[in-house]
Amino acid sequence: MTATSPATTLVHPASPAGPWWRDAVVYQVYPRSFADGDGDGIGDLPGATTRLGHLAELGVDAVWVSPFYPSPQHDAGYDVADYRDVDPMFGVLADADAFVAEAHRHGLRVFVDLVPNHTSSEHAWFRAALAAGPRSAERDRYLFRDGRGPAGAQPPNNWRSTFGGPAWTRVTEPDGTPGQWYLHLFDETQPDLDWTNPQVRAEFEAVLRFWLDRGVDGFRIDVAHGMVKAPGLPDLPEASDDTDPRHHQGPMWDQDGVHEIYRSWRAVLDSYDGDRAMVAEAWVTPLSRLARYVRPDEVHQSFNFAFLTSRWDAAELRTVVTESLTAMDTVGATTTWVLSNHDVVRHATRLGMADPGAFGSGIGADDPQPDVELGLRRARAATLLMLGLPGSAYLYQGEELGLPEHTTLDDTERQDPVWERTGHTQKGRDGCRVPLPWEADAPAYGFSPTGASWLTQPAVFAERALDRQRGVAGSTYELYRAALARRRELAVGSGSLAWVEDLCGATSMAYLNRDLLVVANLGGEPVQVPDGYRVILRSDTADASGGSEVPADTTVWAVPLT
Ligand code: GLC
């Protein structure tokens, strides 16, 4: 029997083979929690280097490494004190070179994380700015302003920090008097740079070259939608302590001037060989605005947070997939897909919450807890739904093990500045940053030779450890491996998307990508894979076993019978 031609709605045609990044699967290494080589309980580059074989075996194309630069670690390294070195906590510069070389030996590309919106307050430029005093060239690299009101005692405007609290901090001048204020969209230890200053632009182009010269394949750009602020730094109509990045609106986000920066960076990358690339972290809506970042002479890719923040809802996901592909196609860009990262509740937990669309900042022991089994089942289904889509996908370390969020972490362990800055009203992001379990029976589950771990790992990590899943039929790890292998074999990343109308309903969705049929049941009555198709992979069994029925919270991949 051959496959009947189902009624379909084409959204996106297949594309000819392009540069590697267009359909790459990129794995995020969060170095402090990936692998600890020296036993101090914090992951490091030598530790990470020894585990790169895992990523090659998993079958990803590239690695994005979160910041490892010298930093006081007030925001887990997203507060950079020196853009051209490695923090002793993570190793030395030669360890970064060794990591890149070893990744390349495994056939993996490497993105490093560039943090251009702000430096650390320990950066030499900020120290010089404090020492130099008001109206100096040193202060002009940041956003220092005089305060409002009597004696300048009020902040220059009403902006709030993304982490909670005011976005301005007042300094004490070198002569001991209360002085100017500086802007920080994040923690007060992360002063925002002034991107209208040519020195700032020149410095970051030099930083790009520094890492490109060392052989990295590209950059993940932190807060890519925040660097340029509206002239005059106008008040917000209504200032609030909303820390949800989905709501980034106002004179500090998505200003047109950012695009000039990306054009100049693109020229820098294009002057190098080897298809170097950039991916923007831009919390921008709607998708048509996001598409502006990935125009042909700007950034290559942008994280698709509309997909990440979708509810477990067939209609909503269908809309987001359609709109994402359509928006990126208008500028000839590749679409990305992502479900988890170091800033959000892990999807194996999110999808097990009573409201799986809720997008809070962390979960604590006193909050409603997830249904762990349901969360994992849905997470596996969501992953298979995602990996069948055309474009590029981003995976966050540990999701290939089905790791849940640590939802009962002791409050005394919390390090995310969000916890303090919101007066303990938001738990913050530590729960998704817990060190990985490699071996169930080893100290710290194999994360660290001494058993030290900067955050306590929950007991469930034992059963989710890599050595409990590797080679084990049905495991989440084997599901990811099989999906990535099939994805490559079937050229899914450069493929097409057409909705299969008969199989799309209130609780189900199905699409064809080239010949691959993906059927997802998001919680309704069982759906049947049509005659003429052969199931090749199921999210519940992690292989082809289990028949052609698609029960609730399950995704199935099938190909035409030949
Ligand atoms: C980005 C990072 C996040 C960090 C923030 C400030 O959103 O992903 O971890 O806290 O920028 O640098």
# chains A, B, ... in the order shown; residues from 1 in each chain; ligands from 1
>>> residues_near_ligand(ligand="ligand 1", cutoff="10 Å", atoms="only C-alpha atoms and all ligand atoms", output="PyMOL selection string")
chain A and resi 66-67+74-80+113-120+162-163+184-187+190+220-224+226+245+281-283+341-344+416-418+429
>>> residues_around(residues="Asp297 in chain A", least_positions_apart="6", cutoff="10 Å", atoms="only C-alpha atoms", output="list in words")
His259, Glu260, Tyr262, Arg263, Ser264, Trp265, Arg266, Ala267 and Asp270 of chain A
>>> write_last_selection(atoms="N, CA and C atoms", output="short mmCIF file (atom, residue, chain, number, x, y, z; two decimals), in the first residue's frame")
data_model
loop_
_atom_site.label_atom_id
_atom_site.label_comp_id
_atom_site.auth_asym_id
_atom_site.auth_seq_id
_atom_site.Cartn_x
_atom_site.Cartn_y
_atom_site.Cartn_z
N HIS A 259 19.82 47.57 14.89
CA HIS A 259 20.08 46.87 13.63
C HIS A 259 21.38 47.32 12.96
N GLU A 260 21.72 48.59 13.16
CA GLU A 260 23.01 49.07 12.64
C GLU A 260 24.16 48.29 13.24
N TYR A 262 24.14 45.23 14.31
CA TYR A 262 24.23 43.88 13.73
C TYR A 262 24.76 43.90 12.31
N ARG A 263 24.47 44.98 11.59
CA ARG A 263 25.03 45.06 10.23
C ARG A 263 26.55 45.14 10.30
N SER A 264 27.04 45.91 11.25
CA SER A 264 28.50 46.02 11.31
C SER A 264 29.12 44.70 11.80
N TRP A 265 28.44 44.02 12.69
CA TRP A 265 28.98 42.72 13.16
C TRP A 265 28.93 41.69 12.06
N ARG A 266 27.87 41.74 11.27
CA ARG A 266 27.75 40.76 10.19
C ARG A 266 28.93 40.92 9.23
N ALA A 267 29.30 42.19 8.99
CA ALA A 267 30.43 42.42 8.09
C ALA A 267 31.71 41.83 8.68
N ASP A 270 31.46 38.06 8.24
CA ASP A 270 31.59 37.68 6.84
C ASP A 270 33.02 37.82 6.32
#
>>> closest_residue(among="A:Pro551, A:Pro560, A:Gly428, A:Gly147", to="Gly523 in chain A", atoms="only C-alpha atoms")
A:Pro551
>>> residues_around(residues="Phe210 in chain A", least_positions_apart="4", cutoff="8 Å", atoms="only C-alpha atoms", output="list in words")
Arg84, Ala206 and Arg214 of chain A
>>> residues_around(residues="Pro19 in chain A", least_positions_apart="3", cutoff="10 Å", atoms="only C-alpha atoms", output="count of residues only")
8
>>> residues_around(residues="range 45-50 of chain A", least_positions_apart="5", cutoff="9 Å", atoms="only C-alpha atoms", output="count of residues only")
21
>>> closest_residue(among="A:Ala151, A:Ala544, A:Val492, A:Ile363", to="Ala17 in chain A", atoms="only C-alpha atoms")
A:Val492
>>> select_by_dssp(residues="range 254-423 of chain A", states="strand (DSSP E)", output="ChimeraX atom specification")
/A:277-280,301-302,336-338,392-396
>>> write_last_selection(atoms="N, CA, C and O atoms", output="compact mmCIF listing (two decimals), in the first residue's frame")
# COMPACT_ATOMS: atom_id res chain seq x y z
N ALA A 277 28.58 32.37 12.54
CA ALA A 277 27.17 32.77 12.64
C ALA A 277 26.88 33.38 14.01
O ALA A 277 27.63 33.20 14.98
N MET A 278 25.75 34.08 14.08
CA MET A 278 25.30 34.69 15.35
C MET A 278 23.84 34.29 15.58
O MET A 278 23.06 34.21 14.63
N VAL A 279 23.50 34.11 16.84
CA VAL A 279 22.10 33.89 17.20
C VAL A 279 21.73 34.90 18.28
O VAL A 279 22.46 35.10 19.25
N ALA A 280 20.62 35.59 18.05
CA ALA A 280 20.22 36.68 18.93
C ALA A 280 19.25 36.20 20.00
O ALA A 280 18.28 35.49 19.71
N GLN A 301 20.39 34.03 13.10
CA GLN A 301 19.24 33.36 13.71
C GLN A 301 18.80 34.13 14.95
O GLN A 301 19.58 34.87 15.54
N SER A 302 17.58 33.84 15.37
CA SER A 302 17.10 34.43 16.61
C SER A 302 16.29 33.36 17.35
O SER A 302 15.55 32.62 16.72
N THR A 336 14.13 29.11 14.15
CA THR A 336 14.68 28.26 15.21
C THR A 336 13.55 27.79 16.12
O THR A 336 12.46 28.38 16.14
N TRP A 337 13.85 26.73 16.86
CA TRP A 337 12.89 26.17 17.81
C TRP A 337 13.62 25.91 19.11
O TRP A 337 14.76 25.43 19.11
N VAL A 338 12.98 26.21 20.20
CA VAL A 338 13.62 26.02 21.51
C VAL A 338 12.54 25.78 22.55
O VAL A 338 11.45 26.37 22.48
N SER A 392 16.31 25.27 12.60
CA SER A 392 17.39 24.93 13.51
C SER A 392 16.80 24.80 14.92
O SER A 392 15.85 25.49 15.24
N ALA A 393 17.35 23.89 15.71
CA ALA A 393 16.79 23.68 17.06
C ALA A 393 17.87 23.87 18.12
O ALA A 393 19.04 23.55 17.89
N TYR A 394 17.44 24.38 19.26
CA TYR A 394 18.34 24.58 20.39
C TYR A 394 17.92 23.70 21.54
O TYR A 394 16.75 23.72 21.95
N LEU A 395 18.87 22.94 22.08
CA LEU A 395 18.61 22.07 23.22
C LEU A 395 19.37 22.60 24.42
O LEU A 395 20.49 23.11 24.28
N TYR A 396 18.79 22.46 25.58
CA TYR A 396 19.45 22.91 26.82
C TYR A 396 19.98 21.70 27.57
O TYR A 396 19.26 20.71 27.75
>>> atom_distance(atom1="CA of Arg380 in chain A", atom2="CA of Leu497 in chain A")
20.6 Å
>>> atom_distance(atom1="CA of Ser548 in chain A", atom2="CA of Leu339 in chain A")
26.1 Å
>>> residues_around(residues="Leu130 in chain A", least_positions_apart="3", cutoff="8 Å", atoms="only C-alpha atoms", output="PDB file with C-alpha atoms, in the first residue's frame")
ATOM      1  CA  PHE A 126      33.224  50.963  34.959  1.00  0.00           C
ATOM      2  CA  ARG A 127      35.844  51.360  37.658  1.00  0.00           C
ATOM      3  CA  GLY A 133      33.579  61.614  38.010  1.00  0.00           C
ATOM      4  CA  ARG A 139      31.393  57.953  32.151  1.00  0.00           C
ATOM      5  CA  VAL A 171      26.982  56.456  43.011  1.00  0.00           C
ATOM      6  CA  GLU A 173      31.472  60.558  43.783  1.00  0.00           C
ATOM      7  CA  PRO A 174      35.229  60.425  44.367  1.00  0.00           C
TER       8      PRO A 174
END
>>> residues_around(residues="range 194-202 of chain A", least_positions_apart="6", cutoff="8 Å", atoms="only C-alpha atoms", output="MDAnalysis selection string")
chainID A and resid 140:143 227:228 261
>>> atom_distance(atom1="CA of Glu525 in chain A", atom2="CA of Ala314 in chain A")
13.2 Å
>>> select_by_dssp(residues="range 111-222 of chain A", states="alpha helix (DSSP H)", output="list in words")
Ala124, Trp125, Phe126, Arg127, Ala128, Ala129, Leu130, Ala131, Ala132, Pro198, Gln199, Val200, Arg201, Ala202, Glu203, Phe204, Glu205, Ala206, Val207, Leu208, Arg209, Phe210, Trp211, Leu212 and Asp213 of chain A
